[in-house]
$ cat protein39.txt   # compact mmCIF, C-alpha atoms and all ligand atoms
# COMPACT_ATOMS: atom_id res chain seq x y z
CA MET A 1 201.70 137.51 67.43
CA LYS A 2 198.80 139.80 68.33
CA HIS A 3 195.38 138.22 68.41
CA TYR A 4 192.17 140.19 67.99
CA THR A 5 188.63 138.90 68.37
CA ILE A 6 186.20 140.63 66.04
CA ILE A 7 182.51 139.98 66.61
CA ILE A 8 180.31 141.20 63.78
CA PHE A 9 176.58 141.55 64.44
CA GLY A 10 175.00 141.47 61.00
CA GLY A 11 177.76 139.06 59.96
CA THR A 12 176.05 137.97 56.76
CA GLY A 13 174.97 141.46 55.77
CA ASP A 14 176.20 143.46 52.83
CA LEU A 15 178.59 145.57 54.88
CA SER A 16 180.22 142.54 56.44
CA ARG A 17 180.61 140.64 53.18
CA ARG A 18 181.63 143.48 50.90
CA LYS A 19 183.61 145.70 53.24
CA LEU A 20 184.50 144.42 56.71
CA ILE A 21 185.81 140.94 55.90
CA PRO A 22 187.93 142.10 52.91
CA ALA A 23 189.25 144.96 55.07
CA LEU A 24 190.26 142.57 57.85
CA MET A 25 192.01 140.31 55.33
CA ALA A 26 193.90 143.29 53.93
CA LEU A 27 194.93 144.34 57.46
CA ALA A 28 196.13 140.82 58.23
CA ASP A 29 198.14 140.91 54.99
CA LYS A 30 199.80 144.16 55.91
CA ASP A 31 200.99 143.02 59.29
CA PRO A 32 202.16 139.41 59.63
CA ARG A 33 202.04 139.72 63.43
CA ARG A 34 198.27 140.06 63.41
CA HIS A 35 195.77 137.29 63.72
CA PHE A 36 192.02 137.97 63.51
CA HIS A 37 189.47 135.61 65.03
CA ILE A 38 186.15 136.63 63.51
CA LEU A 39 182.75 135.62 64.83
CA GLY A 40 179.94 136.54 62.47
CA ILE A 41 176.46 136.61 63.94
CA GLY A 42 173.44 136.35 61.71
CA ARG A 43 170.13 134.65 61.02
CA LYS A 44 171.20 132.62 57.99
CA PRO A 45 171.48 128.90 58.78
CA PHE A 46 175.23 128.51 58.17
CA ASP A 47 177.89 126.45 59.89
CA ASN A 48 181.46 127.81 59.95
CA LYS A 49 182.25 126.31 56.55
CA GLY A 50 179.07 127.68 54.98
CA PHE A 51 179.81 131.12 56.43
CA GLU A 52 183.29 131.03 54.96
CA GLU A 53 182.00 129.98 51.55
CA PHE A 54 179.34 132.70 51.64
CA LEU A 55 181.92 135.37 52.44
CA LEU A 56 184.76 134.25 50.26
CA ALA A 57 182.79 132.99 47.25
CA GLY A 58 185.56 130.65 46.12
CA LYS A 59 188.47 132.89 47.13
CA GLU A 60 191.14 131.42 49.35
CA ALA A 61 190.83 131.87 53.10
CA HIS A 62 193.52 133.95 54.78
CA PRO A 63 195.79 131.86 57.03
CA ARG A 64 195.61 134.44 59.83
CA VAL A 65 191.90 135.24 59.58
CA GLY A 66 189.66 132.65 61.23
CA LEU A 67 186.00 132.75 60.22
CA HIS A 68 183.40 131.42 62.64
CA TYR A 69 179.66 131.72 62.78
CA MET A 70 176.90 131.92 65.33
CA ILE A 71 173.27 131.66 64.30
CA ALA A 72 171.14 134.14 66.21
CA ASP A 73 167.96 136.00 65.44
CA ILE A 74 168.53 139.13 67.50
CA GLU A 75 164.84 139.97 67.31
CA LYS A 76 164.14 137.00 69.54
CA ASN A 77 164.61 137.18 73.30
CA GLY A 78 167.59 135.25 74.61
CA ALA A 79 169.13 134.99 71.11
CA LEU A 80 172.54 136.08 72.36
CA GLU A 81 172.61 133.96 75.50
CA THR A 82 175.35 131.70 74.12
CA LEU A 83 177.51 134.59 72.93
CA GLN A 84 180.08 134.08 75.65
CA GLU A 85 180.49 130.38 74.80
CA HIS A 86 180.93 131.17 71.13
CA ILE A 87 183.56 133.78 71.89
CA ALA A 88 185.36 131.49 74.34
CA ALA A 89 185.50 128.78 71.67
CA ILE A 90 187.41 130.94 69.19
CA GLU A 91 189.37 133.38 71.33
CA PRO A 92 192.98 132.67 72.27
CA GLU A 93 193.93 132.95 75.92
CA GLU A 94 195.41 136.41 75.80
CA PRO A 95 193.86 138.46 73.01
CA ALA A 96 195.14 141.99 72.48
CA GLY A 97 191.58 143.19 72.16
CA ARG A 98 187.98 142.57 71.25
CA ILE A 99 185.98 144.61 68.80
CA PHE A 100 182.21 144.28 68.64
CA TYR A 101 181.05 145.65 65.30
CA LEU A 102 177.37 146.62 65.18
CA ALA A 103 176.52 146.21 61.50
CA THR A 104 172.78 145.80 62.12
CA ALA A 105 169.79 148.11 62.05
CA TYR A 106 170.12 150.71 64.81
CA GLY A 107 167.02 149.39 66.55
CA PHE A 108 169.08 146.45 67.81
CA PHE A 109 171.98 148.45 69.24
CA GLY A 110 170.50 148.68 72.75
CA LYS A 111 169.73 145.00 72.94
CA ILE A 112 173.16 144.01 71.61
CA ALA A 113 174.93 146.39 74.00
CA GLU A 114 173.04 144.88 76.89
CA SER A 115 173.94 141.32 75.83
CA ILE A 116 177.61 142.22 75.42
CA SER A 117 177.83 143.85 78.82
CA ARG A 118 176.08 140.86 80.42
CA CYS A 119 178.09 138.17 78.72
CA CYS A 120 181.56 139.45 78.11
CA ASN A 121 183.62 140.62 81.01
CA ILE A 122 185.25 143.93 80.28
CA ASN A 123 188.69 143.96 81.86
CA ASP A 124 192.03 145.69 81.91
CA ARG A 125 193.97 142.89 80.29
CA PHE A 126 192.77 143.70 76.80
CA PHE A 127 190.62 146.37 75.21
CA THR A 128 186.91 146.02 74.44
CA ARG A 129 185.60 148.43 71.82
CA ILE A 130 182.23 148.84 70.15
CA VAL A 131 182.00 150.17 66.61
CA ALA A 132 178.57 151.45 65.61
CA GLU A 133 177.63 152.27 62.04
CA LYS A 134 175.22 154.73 60.53
CA PRO A 135 172.30 155.18 60.36
CA PHE A 136 172.35 156.33 63.98
CA GLY A 137 168.61 156.52 64.35
CA SER A 138 166.03 158.04 62.06
CA ASP A 139 165.70 161.37 63.82
CA ARG A 140 167.15 163.21 66.77
CA GLU A 141 164.90 161.50 69.25
CA SER A 142 165.75 157.94 68.16
CA PHE A 143 169.43 158.88 68.02
CA MET A 144 169.39 160.19 71.60
CA LYS A 145 167.73 156.99 72.74
CA LEU A 146 170.18 154.65 71.04
CA ASP A 147 173.21 156.67 72.10
CA ALA A 148 172.00 156.63 75.70
CA GLU A 149 171.59 152.85 75.44
CA LEU A 150 175.20 152.49 74.33
CA LEU A 151 176.45 154.88 77.00
CA ASP A 152 174.48 152.98 79.63
CA ARG A 153 176.67 149.94 79.07
CA PHE A 154 179.99 151.31 77.86
CA GLY A 155 182.32 154.20 78.49
CA GLU A 156 182.57 156.91 75.85
CA ASP A 157 186.20 155.81 75.35
CA GLN A 158 184.94 152.39 74.20
CA ILE A 159 182.38 153.66 71.68
CA TYR A 160 183.52 154.25 68.11
CA ARG A 161 180.81 155.90 65.97
CA ALA A 162 181.93 155.34 62.41
CA ASP A 163 181.35 157.33 59.23
CA HIS A 164 183.37 155.85 56.39
CA TYR A 165 183.64 159.21 54.61
CA LEU A 166 185.95 160.44 57.37
CA ALA A 167 188.33 157.63 56.43
CA LYS A 168 188.58 158.66 52.79
CA ASP A 169 191.99 160.14 52.06
CA THR A 170 190.74 163.44 50.64
CA VAL A 171 188.37 164.01 53.54
CA ASP A 172 190.98 163.01 56.10
CA ASN A 173 193.40 165.43 54.43
CA ILE A 174 191.15 168.49 54.57
CA LEU A 175 192.60 169.84 57.79
CA ARG A 176 196.19 169.14 56.73
CA THR A 177 195.58 170.95 53.45
CA ARG A 178 194.03 173.89 55.28
CA PHE A 179 196.28 174.27 58.28
CA SER A 180 199.64 173.47 56.70
CA ASN A 181 199.14 175.88 53.79
CA PRO A 182 198.70 179.52 54.81
CA LEU A 183 197.91 180.13 51.14
CA PHE A 184 194.53 178.46 51.70
CA GLU A 185 193.85 179.16 55.35
CA ARG A 186 194.27 182.93 54.85
CA VAL A 187 191.46 182.98 52.29
CA TRP A 188 189.31 180.40 54.09
CA ASN A 189 186.52 182.83 54.94
CA SER A 190 183.54 184.63 53.50
CA ARG A 191 185.59 187.63 52.38
CA ALA A 192 187.20 185.38 49.79
CA VAL A 193 184.86 182.43 49.36
CA GLU A 194 181.64 182.81 47.41
CA ARG A 195 180.35 179.27 47.66
CA ILE A 196 181.23 175.90 49.19
CA THR A 197 179.76 172.81 47.57
CA VAL A 198 179.96 169.27 48.88
CA ALA A 199 178.60 166.82 46.31
CA VAL A 200 178.27 163.06 46.12
CA HIS A 201 176.73 161.93 42.84
CA GLU A 202 176.08 158.26 42.20
CA THR A 203 175.17 156.47 38.99
CA MET A 204 173.70 153.40 40.69
CA GLY A 205 170.15 153.16 41.94
CA VAL A 206 168.92 151.79 45.23
CA GLY A 207 168.93 148.15 44.12
CA GLU A 208 168.55 145.51 46.81
CA ARG A 209 168.58 148.03 49.63
CA ILE A 210 165.10 149.28 48.78
CA ASN A 211 163.61 148.30 52.16
CA TYR A 212 166.19 150.32 54.05
CA TYR A 213 166.39 153.15 51.55
CA ASP A 214 162.69 153.81 51.18
CA GLN A 215 162.45 154.52 54.89
CA THR A 216 165.58 156.65 54.79
CA GLY A 217 165.92 158.73 51.63
CA ALA A 218 168.90 160.77 50.44
CA ILE A 219 168.79 163.31 53.27
CA LYS A 220 169.07 160.80 56.09
CA ASP A 221 171.21 158.35 54.11
CA MET A 222 173.86 160.84 52.99
CA VAL A 223 173.34 164.44 54.13
CA GLN A 224 172.91 163.76 57.85
CA ASN A 225 176.23 161.95 57.98
CA HIS A 226 178.75 161.89 55.12
CA LEU A 227 178.00 165.35 53.71
CA LEU A 228 177.69 167.17 57.02
CA GLN A 229 180.77 165.47 58.41
CA THR A 230 182.79 166.49 55.35
CA LEU A 231 181.41 170.02 55.53
CA SER A 232 182.26 170.33 59.21
CA LEU A 233 185.95 169.80 58.37
CA ILE A 234 185.77 172.59 55.81
CA LEU A 235 184.01 175.05 58.11
CA MET A 236 185.49 174.29 61.53
CA ARG A 237 187.84 176.66 63.23
CA ALA A 238 191.27 175.44 64.32
CA PRO A 239 190.85 173.33 67.45
CA ASP A 240 192.08 174.98 70.67
CA ARG A 241 194.30 172.04 71.45
CA GLN A 242 195.83 169.14 69.62
CA ASN A 243 193.54 166.52 71.04
CA VAL A 244 190.46 164.64 69.96
CA LEU A 245 188.15 166.46 72.37
CA SER A 246 189.03 169.89 70.99
CA PHE A 247 188.86 168.60 67.47
CA ARG A 248 185.37 167.17 68.01
CA LYS A 249 184.24 170.33 69.74
CA ALA A 250 185.35 172.45 66.78
CA LYS A 251 183.44 170.15 64.40
CA THR A 252 180.33 170.21 66.59
CA ASP A 253 180.41 174.03 66.73
CA ALA A 254 180.62 174.19 62.95
CA ILE A 255 177.54 171.98 62.55
CA ARG A 256 175.60 173.80 65.28
CA LYS A 257 176.15 177.12 63.54
CA LEU A 258 174.54 175.97 60.30
CA LYS A 259 171.27 177.62 59.33
CA PHE A 260 168.71 176.18 56.95
CA ARG A 261 166.27 178.65 55.42
CA GLY A 262 164.09 176.19 53.54
CA GLU A 263 166.12 176.32 50.31
CA ILE A 264 165.92 172.75 49.05
CA ARG A 265 165.23 170.74 45.89
CA THR A 266 164.40 167.06 46.07
CA GLY A 267 163.95 164.49 43.33
CA GLN A 268 163.17 160.85 42.73
CA TYR A 269 164.59 158.97 39.77
CA GLY A 270 162.21 157.64 37.16
CA GLY A 271 161.71 153.93 37.72
CA TYR A 272 161.92 154.15 41.52
CA GLN A 273 158.15 153.64 41.74
CA GLU A 274 158.46 150.24 40.08
CA GLU A 275 161.22 149.24 42.50
CA VAL A 276 159.19 150.28 45.52
CA ALA A 277 155.80 149.04 44.27
CA ASN A 278 155.71 145.97 46.51
CA ILE A 279 156.60 147.68 49.74
CA ASN A 280 155.34 151.25 49.53
CA PRO A 281 153.42 152.14 46.36
CA GLY A 282 153.39 155.86 45.66
CA SER A 283 156.42 156.43 47.90
CA ASP A 284 157.61 160.05 48.25
CA THR A 285 161.13 159.10 49.29
CA GLU A 286 163.74 161.40 47.75
CA THR A 287 166.67 159.84 45.88
CA PHE A 288 168.16 163.29 45.24
CA ALA A 289 168.53 166.31 47.47
CA GLU A 290 170.20 169.67 47.00
CA LEU A 291 170.05 172.12 49.84
CA LYS A 292 171.53 175.48 50.64
CA LEU A 293 172.86 176.27 54.08
CA HIS A 294 174.36 179.33 55.71
CA SER A 295 176.64 179.61 58.70
CA ARG A 296 176.16 181.88 61.70
CA ASP A 297 179.91 181.84 62.23
CA ARG A 298 181.32 185.32 61.53
CA ARG A 299 184.01 183.72 59.46
CA TRP A 300 181.46 182.32 57.00
CA ARG A 301 178.71 184.90 57.05
CA GLY A 302 177.65 185.51 53.44
CA THR A 303 179.18 182.36 51.94
CA GLU A 304 176.65 180.10 50.29
CA ILE A 305 176.90 176.42 51.23
CA VAL A 306 175.47 173.79 48.92
CA LEU A 307 175.09 170.09 49.73
CA ARG A 308 174.04 167.83 46.88
CA THR A 309 173.62 164.10 46.57
CA GLY A 310 171.63 161.71 44.47
CA LYS A 311 171.34 158.28 42.93
CA LYS A 312 171.10 157.41 39.21
CA LEU A 313 172.76 160.64 38.19
CA LYS A 314 174.99 161.17 35.18
CA LYS A 315 178.37 160.78 36.85
CA GLN A 316 179.85 158.80 39.72
CA GLU A 317 181.80 161.45 41.60
CA ALA A 318 182.30 163.06 44.98
CA TYR A 319 184.04 166.36 45.55
CA ILE A 320 184.29 169.52 47.60
CA GLU A 321 184.40 172.74 45.63
CA ILE A 322 185.52 176.04 47.10
CA ALA A 323 184.55 178.78 44.64
CA PHE A 324 186.35 182.03 45.37
CA LYS A 325 184.89 185.46 44.78
CA LYS A 326 185.50 187.21 41.50
CA GLU A 327 187.91 190.11 41.59
CA PRO A 328 186.26 193.47 41.06
CA CYS A 329 187.21 194.90 37.72
CA ASN A 330 191.00 195.19 37.39
CA ALA A 331 193.54 195.32 34.59
CA TYR A 332 191.86 192.38 32.85
CA CYS A 333 188.31 193.60 32.98
CA GLU A 334 187.69 193.03 29.32
CA PHE A 335 187.79 189.27 29.88
CA ASP A 336 184.87 187.71 31.66
CA LEU A 337 187.06 185.51 33.82
CA PRO A 338 185.64 182.73 35.93
CA PRO A 339 186.49 182.78 39.65
CA ASN A 340 189.33 180.67 41.04
CA LYS A 341 188.23 177.34 42.36
CA LEU A 342 189.80 174.81 44.63
CA ILE A 343 188.32 171.37 44.09
CA LEU A 344 189.14 168.51 46.39
CA HIS A 345 188.10 165.36 44.56
CA ILE A 346 187.09 162.54 46.86
CA GLN A 347 186.36 159.95 44.17
CA PRO A 348 186.82 158.35 41.72
CA LEU A 349 190.27 160.02 41.78
CA GLU A 350 191.66 161.73 44.83
CA ASN A 351 192.89 164.99 43.37
CA VAL A 352 193.50 168.51 44.46
CA GLU A 353 192.64 170.85 41.61
CA LEU A 354 193.14 174.60 41.56
CA THR A 355 191.77 176.58 38.64
CA ILE A 356 193.56 179.78 37.78
CA ASN A 357 193.39 182.10 34.80
CA SER A 358 196.43 182.11 32.57
CA THR A 359 197.56 182.45 28.99
CA LEU A 360 197.93 179.39 26.82
CA PRO A 361 201.14 179.00 24.80
CA GLY A 362 201.17 181.39 21.87
CA GLU A 363 198.09 183.27 23.03
CA LYS A 364 199.53 186.51 24.28
CA VAL A 365 196.33 188.44 24.77
CA LYS A 366 193.77 185.92 25.79
CA LEU A 367 193.25 184.54 29.30
CA THR A 368 191.93 181.03 29.81
CA PRO A 369 191.05 179.14 33.00
CA VAL A 370 193.57 176.33 33.49
CA LYS A 371 193.88 173.62 36.10
CA MET A 372 196.77 172.93 38.44
CA ILE A 373 196.33 169.37 39.57
CA TYR A 374 198.01 167.38 42.28
CA CYS A 375 197.03 163.74 42.01
CA PRO A 376 198.73 161.67 44.71
CA THR A 377 197.33 158.37 43.45
CA CYS A 378 198.58 159.05 39.90
CA GLU A 379 201.91 160.51 40.96
CA PHE A 380 203.00 158.02 43.57
CA ARG A 381 200.91 155.11 42.36
CA ALA A 382 199.95 154.74 45.96
CA ASN A 383 197.57 151.99 46.82
CA THR A 384 195.19 153.88 49.09
CA PRO A 385 193.56 151.61 51.66
CA GLU A 386 189.83 151.13 51.46
CA SER A 387 187.85 153.24 53.99
CA TYR A 388 186.91 150.25 56.15
CA GLU A 389 190.54 149.20 56.44
CA VAL A 390 191.26 152.64 57.85
CA ILE A 391 188.27 152.49 60.21
CA LEU A 392 189.28 149.10 61.60
CA GLU A 393 192.97 150.02 61.80
CA GLU A 394 192.22 153.21 63.73
CA CYS A 395 189.87 151.35 66.05
CA ILE A 396 192.53 148.71 66.76
CA ARG A 397 194.99 151.49 67.53
CA GLY A 398 192.46 153.25 69.76
CA ASN A 399 192.69 156.40 67.69
CA LYS A 400 189.37 158.24 67.79
CA ARG A 401 190.16 161.07 65.42
CA LEU A 402 188.13 159.53 62.60
CA PHE A 403 185.12 158.69 64.76
CA MET A 404 182.30 160.97 65.80
CA SER A 405 181.10 162.19 69.15
CA GLY A 406 177.47 161.96 70.25
CA ARG A 407 177.33 165.76 70.27
CA GLU A 408 178.31 166.02 66.62
CA LEU A 409 175.60 163.56 65.70
CA ASP A 410 173.08 165.31 67.88
CA ALA A 411 173.82 168.62 66.11
CA ALA A 412 173.62 166.93 62.70
CA TRP A 413 170.27 165.36 63.58
CA GLN A 414 168.82 168.67 64.79
CA LEU A 415 169.61 170.20 61.42
CA THR A 416 168.42 167.12 59.51
CA ASP A 417 165.11 167.10 61.37
CA ARG A 418 164.55 170.72 60.33
CA VAL A 419 165.36 169.91 56.71
CA ARG A 420 163.08 166.86 56.71
CA LYS A 421 160.25 168.83 58.26
CA SER A 422 160.46 171.39 55.46
CA ILE A 423 159.78 168.77 52.77
CA ARG A 424 157.12 166.82 54.62
CA GLN A 425 154.29 168.06 52.44
CA ARG A 426 156.30 168.14 49.25
CA LYS A 427 156.55 165.54 46.51
CA PRO A 428 159.99 165.02 44.99
CA GLU A 429 160.36 165.97 41.34
CA ILE A 430 160.78 162.95 39.06
CA TYR A 431 164.06 162.99 37.10
CA GLU A 432 165.26 160.88 34.27
CA PRO A 433 167.96 158.40 35.32
CA GLY A 434 171.44 159.26 34.08
CA ILE A 435 171.04 163.02 33.82
CA ASP A 436 172.60 166.03 35.51
CA PHE A 437 169.65 166.95 37.70
C1 LIG B 501 176.44 154.73 52.27
C2 LIG B 501 175.03 154.97 51.81
O1 LIG B 501 176.59 155.16 53.59
O2 LIG B 501 177.32 155.43 51.43
C3 LIG B 501 174.87 154.52 50.36
O3 LIG B 501 174.13 154.23 52.63
C4 LIG B 501 175.89 155.19 49.48
O4 LIG B 501 173.56 154.78 49.88
C5 LIG B 501 177.29 155.03 50.06
O5 LIG B 501 175.84 154.60 48.20
C6 LIG B 501 178.30 155.88 49.30
O6 LIG B 501 179.57 155.56 49.77
P1 LIG B 501 180.80 155.58 48.78
O7 LIG B 501 181.98 155.30 49.63
O8 LIG B 501 180.55 154.52 47.76
O9 LIG B 501 180.80 156.95 48.18

$ encode --input "protein39.txt" --output "structure tokens" --more "lines below"
Ligand code: BG6
Amino acid sequence: MKHYTIIIFGGTGDLSRRKLIPALMALADKDPRRHFHILGIGRKPFDNKGFEEFLLAGKEAHPRVGLHYMIADIEKNGALETLQEHIAAIEPEEPAGRIFYLATAYGFFGKIAESISRCCNINDRFFTRIVAEKPFGSDRESFMKLDAELLDRFGEDQIYRADHYLAKDTVDNILRTRFSNPLFERVWNSRAVERITVAVHETMGVGERINYYDQTGAIKDMVQNHLLQTLSLILMRAPDRQNVLSFRKAKTDAIRKLKFRGEIRTGQYGGYQEEVANINPGSDTETFAELKLHSRDRRWRGTEIVLRTGKKLKKQEAYIEIAFKKEPCNAYCEFDLPPNKLILHIQPLENVELTINSTLPGEKVKLTPVKMIYCPTCEFRANTPESYEVILEECIRGNKRLFMSGRELDAAWQLTDRVRKSIRQRKPEIYEPGIDF
């Protein structure tokens, strides 16, 4: 049996309840040799039983997932002084590892890191890893500060900076699709590609997260992380070596080479003002952003890059679209044929879709765009693991491929700061909920 101690700061938060705990249960289910001892830390006045009821809401507890709780208000000095005792009370003698999951506001990361390093001896007998979640700061400066605070207490090899988009199957498969298919990699450049679009459209509004969201907005909530991370996998050059360092370097280079020339459209859904009235009346926070980027990399010079995300839009969907250039006039000039497109659907379905022009049965003279679709989830009825299962699994295995380096985040923040600066004086356009904006 392998025992793992998982300490979740922000244990009663949304992420913990909706994502982390179910993911740990699923991981325990998949491997009967695993036992998770979870310590949730939060302000709510629960005992262990109350914590369990809060998380499971009537569902049965997993026999190999122990749920324990520690009340602590991290804002208060000395709140984590009894952390060691709480861990000692639940941890078996020889755990295989400890994971500290920082699911709190980033402002607490430094304080938590300090408490962990003071309380919990880091040794060679089992691993100690820290998983930190976005948002990593609110600008480059705050990011640099919090990252330095983590690095002050832990080695880079212990820090796992998570972005759950990297754990989505389609996103994780981008490099395999590119580098194992010369068909794509040969045309993966500005000679062939007109435009790259990365889009995440959501139908839901901000809801209960208004306090967080109003200070964040679509650019910092989505573009700085999920969209830029996904884009970096599309744009990056092949890593020099088959290791995580080279891989991260190639991603960082791709982000650093992005140029923003002020081409941006922002919006706010109608009704947002009512939601925000109590905390920030007249808020200018954007719930939609569409921006154009360009790359200084010779490979991509001339290709237009579009990032788009928004809440309360018409459709719930996320995809990457590679639109190829149109052929100059050839034998089929008389038809106004659309360009070929490769669309990698991230959700709701995880599809690879290639549009080509072809004849439909019986139509000898006419050309029509048709889709070639590979849908792994439909074809193999595979039960793809939820992103947080993948994040936790990879962290347990010590595999850092799906986690980000500080340099990548630094580059992403530099770009994000420039984008944010460009809209400082601008009010977002109000859009009607449920439309294609
Ligand atoms: C989160 C953002 O990181 O990602 C949310 O904070 C957003 O605002 C969510 O809704 C989208 O993730 P997914 O996996 O549902 O596409």

$ residues_near_point --input "protein39.txt" --point "(186.1, 134.1, 58.5)" --cutoff "7 Å" --atoms "all atoms listed in the file" --output "PyMOL selection string"
chain A and resi 38+52+65-68

$ atom_distance --input "protein39.txt" --atom1 "atom CA of A:Asn351" --atom2 "atom CA of A:Asp172"
13.0 Å

$ closest_residue --input "protein39.txt" --among "A:Trp300, A:Tyr160, A:Phe288, A:Phe54" --to "ligand LIG 501 (chain B)" --atoms "all atoms listed in the file"
A:Phe288

$ residues_around --input "protein39.txt" --residues "A:Asn278" --least-positions-apart "4" --cutoff "12 Å" --atoms "only C-alpha atoms" --output "MDAnalysis selection string"
chainID A and resid 210:211 214 272:274 282:283

$ residues_near_ligand --input "protein39.txt" --ligand "ligand LIG 501 (chain B)" --cutoff "10 Å" --atoms "only C-alpha atoms and all ligand atoms" --output "VMD selection string"
chain A and resid 15 133 to 135 163 to 165 167 to 168 200 to 207 209 212 to 213 216 to 218 220 to 223 225 to 226 287 309 to 311 316 to 318 346 to 348 386 to 388

$ residues_around --input "protein39.txt" --residues "A:Glu408" --least-positions-apart "6" --cutoff "10 Å" --atoms "all atoms listed in the file" --output "ChimeraX atom specification"
/A:225,228-229,232,248-256

$ residues_around --input "protein39.txt" --residues "stretch 40-42 of chain A" --least-positions-apart "6" --cutoff "10 Å" --atoms "all atoms listed in the file" --output "ChimeraX atom specification"
/A:6-13,16,21,48,51-52,67-74,80,83,101,103-104

$ atom_distance --input "protein39.txt" --atom1 "atom CA of A:Tyr269" --atom2 "atom CA of A:Lys421"
21.4 Å

$ residues_around --input "protein39.txt" --residues "A:Met144" --least-positions-apart "6" --cutoff "10 Å" --atoms "only C-alpha atoms" --output "PyMOL selection string"
chain A and resi 136-137+406-407+409-410+413

$ atom_distance --input "protein39.txt" --atom1 "atom CA of A:Val244" --atom2 "atom CA of A:Gly398"
11.6 Å

$ closest_residue --input "protein39.txt" --among "A:Glu432, A:Glu304, A:Glu394, A:Glu290" --to "A:Leu166" --atoms "all atoms listed in the file"
A:Glu394

$ closest_residue --input "protein39.txt" --among "A:Asp31, A:Leu151, A:Arg125, A:Ile87" --to "A:Ala113" --atoms "all atoms listed in the file"
A:Leu151

$ closest_residue --input "protein39.txt" --among "A:Met236, A:Ile279, A:Ile122, A:Cys378" --to "A:Trp188" --atoms "all atoms listed in the file"
A:Met236

$ axis_aligned_box --input "protein39.txt" --around "stretch 355-358 of chain A" --padding-each-side "8 Å" --output "JSON"
{"center_x": 194.1, "center_y": 179.3, "center_z": 35.6, "size_x": 20.7, "size_y": 21.5, "size_z": 22.1}

$ residues_around --input "protein39.txt" --residues "A:Leu337" --least-positions-apart "4" --cutoff "9 Å" --atoms "only C-alpha atoms" --output "list in words"
Lys326, Tyr332, Cys333, Asn357, Leu367, Thr368 and Pro369 of chain A

$ closest_residue --input "protein39.txt" --among "A:Ala289, A:Met25, A:Leu55, A:Ala148" --to "A:Gly267" --atoms "all atoms listed in the file"
A:Ala289

$ build_atoms --input "protein39.txt" --residues "stretch 259-272 of chain A" --atoms "N, CA and C atoms" --output "CSV table (one decimal), keeping the file's coordinate frame"
chain,number,residue,atom,x,y,z
A,259,LYS,N,172.7,177.2,59.4
A,259,LYS,CA,171.3,177.6,59.3
A,259,LYS,C,170.7,177.1,58.0
A,260,PHE,N,169.4,176.6,58.1
A,260,PHE,CA,168.7,176.2,57.0
A,260,PHE,C,167.5,177.1,56.8
A,261,ARG,N,167.4,177.7,55.6
A,261,ARG,CA,166.3,178.6,55.4
A,261,ARG,C,165.2,178.1,54.5
A,262,GLY,N,165.1,176.8,54.4
A,262,GLY,CA,164.1,176.2,53.5
A,262,GLY,C,164.5,176.1,52.1
A,263,GLU,N,165.7,176.4,51.7
A,263,GLU,CA,166.1,176.3,50.3
A,263,GLU,C,166.5,174.9,50.0
A,264,ILE,N,165.7,174.2,49.3
A,264,ILE,CA,165.9,172.8,49.0
A,264,ILE,C,165.2,172.3,47.8
A,265,ARG,N,165.8,171.4,47.1
A,265,ARG,CA,165.2,170.7,45.9
A,265,ARG,C,165.4,169.2,46.1
A,266,THR,N,164.3,168.5,45.9
A,266,THR,CA,164.4,167.1,46.1
A,266,THR,C,163.9,166.4,44.8
A,267,GLY,N,164.4,165.2,44.5
A,267,GLY,CA,164.0,164.5,43.3
A,267,GLY,C,163.9,163.0,43.6
A,268,GLN,N,163.2,162.3,42.7
A,268,GLN,CA,163.2,160.8,42.7
A,268,GLN,C,163.4,160.4,41.3
A,269,TYR,N,164.3,159.4,41.1
A,269,TYR,CA,164.6,159.0,39.8
A,269,TYR,C,163.4,158.2,39.2
A,270,GLY,N,163.3,158.4,37.9
A,270,GLY,CA,162.2,157.6,37.2
A,270,GLY,C,162.5,156.1,37.3
A,271,GLY,N,161.5,155.4,37.6
A,271,GLY,CA,161.7,153.9,37.7
A,271,GLY,C,161.7,153.5,39.2
A,272,TYR,N,161.9,154.5,40.1
A,272,TYR,CA,161.9,154.2,41.5
A,272,TYR,C,160.6,153.6,41.9
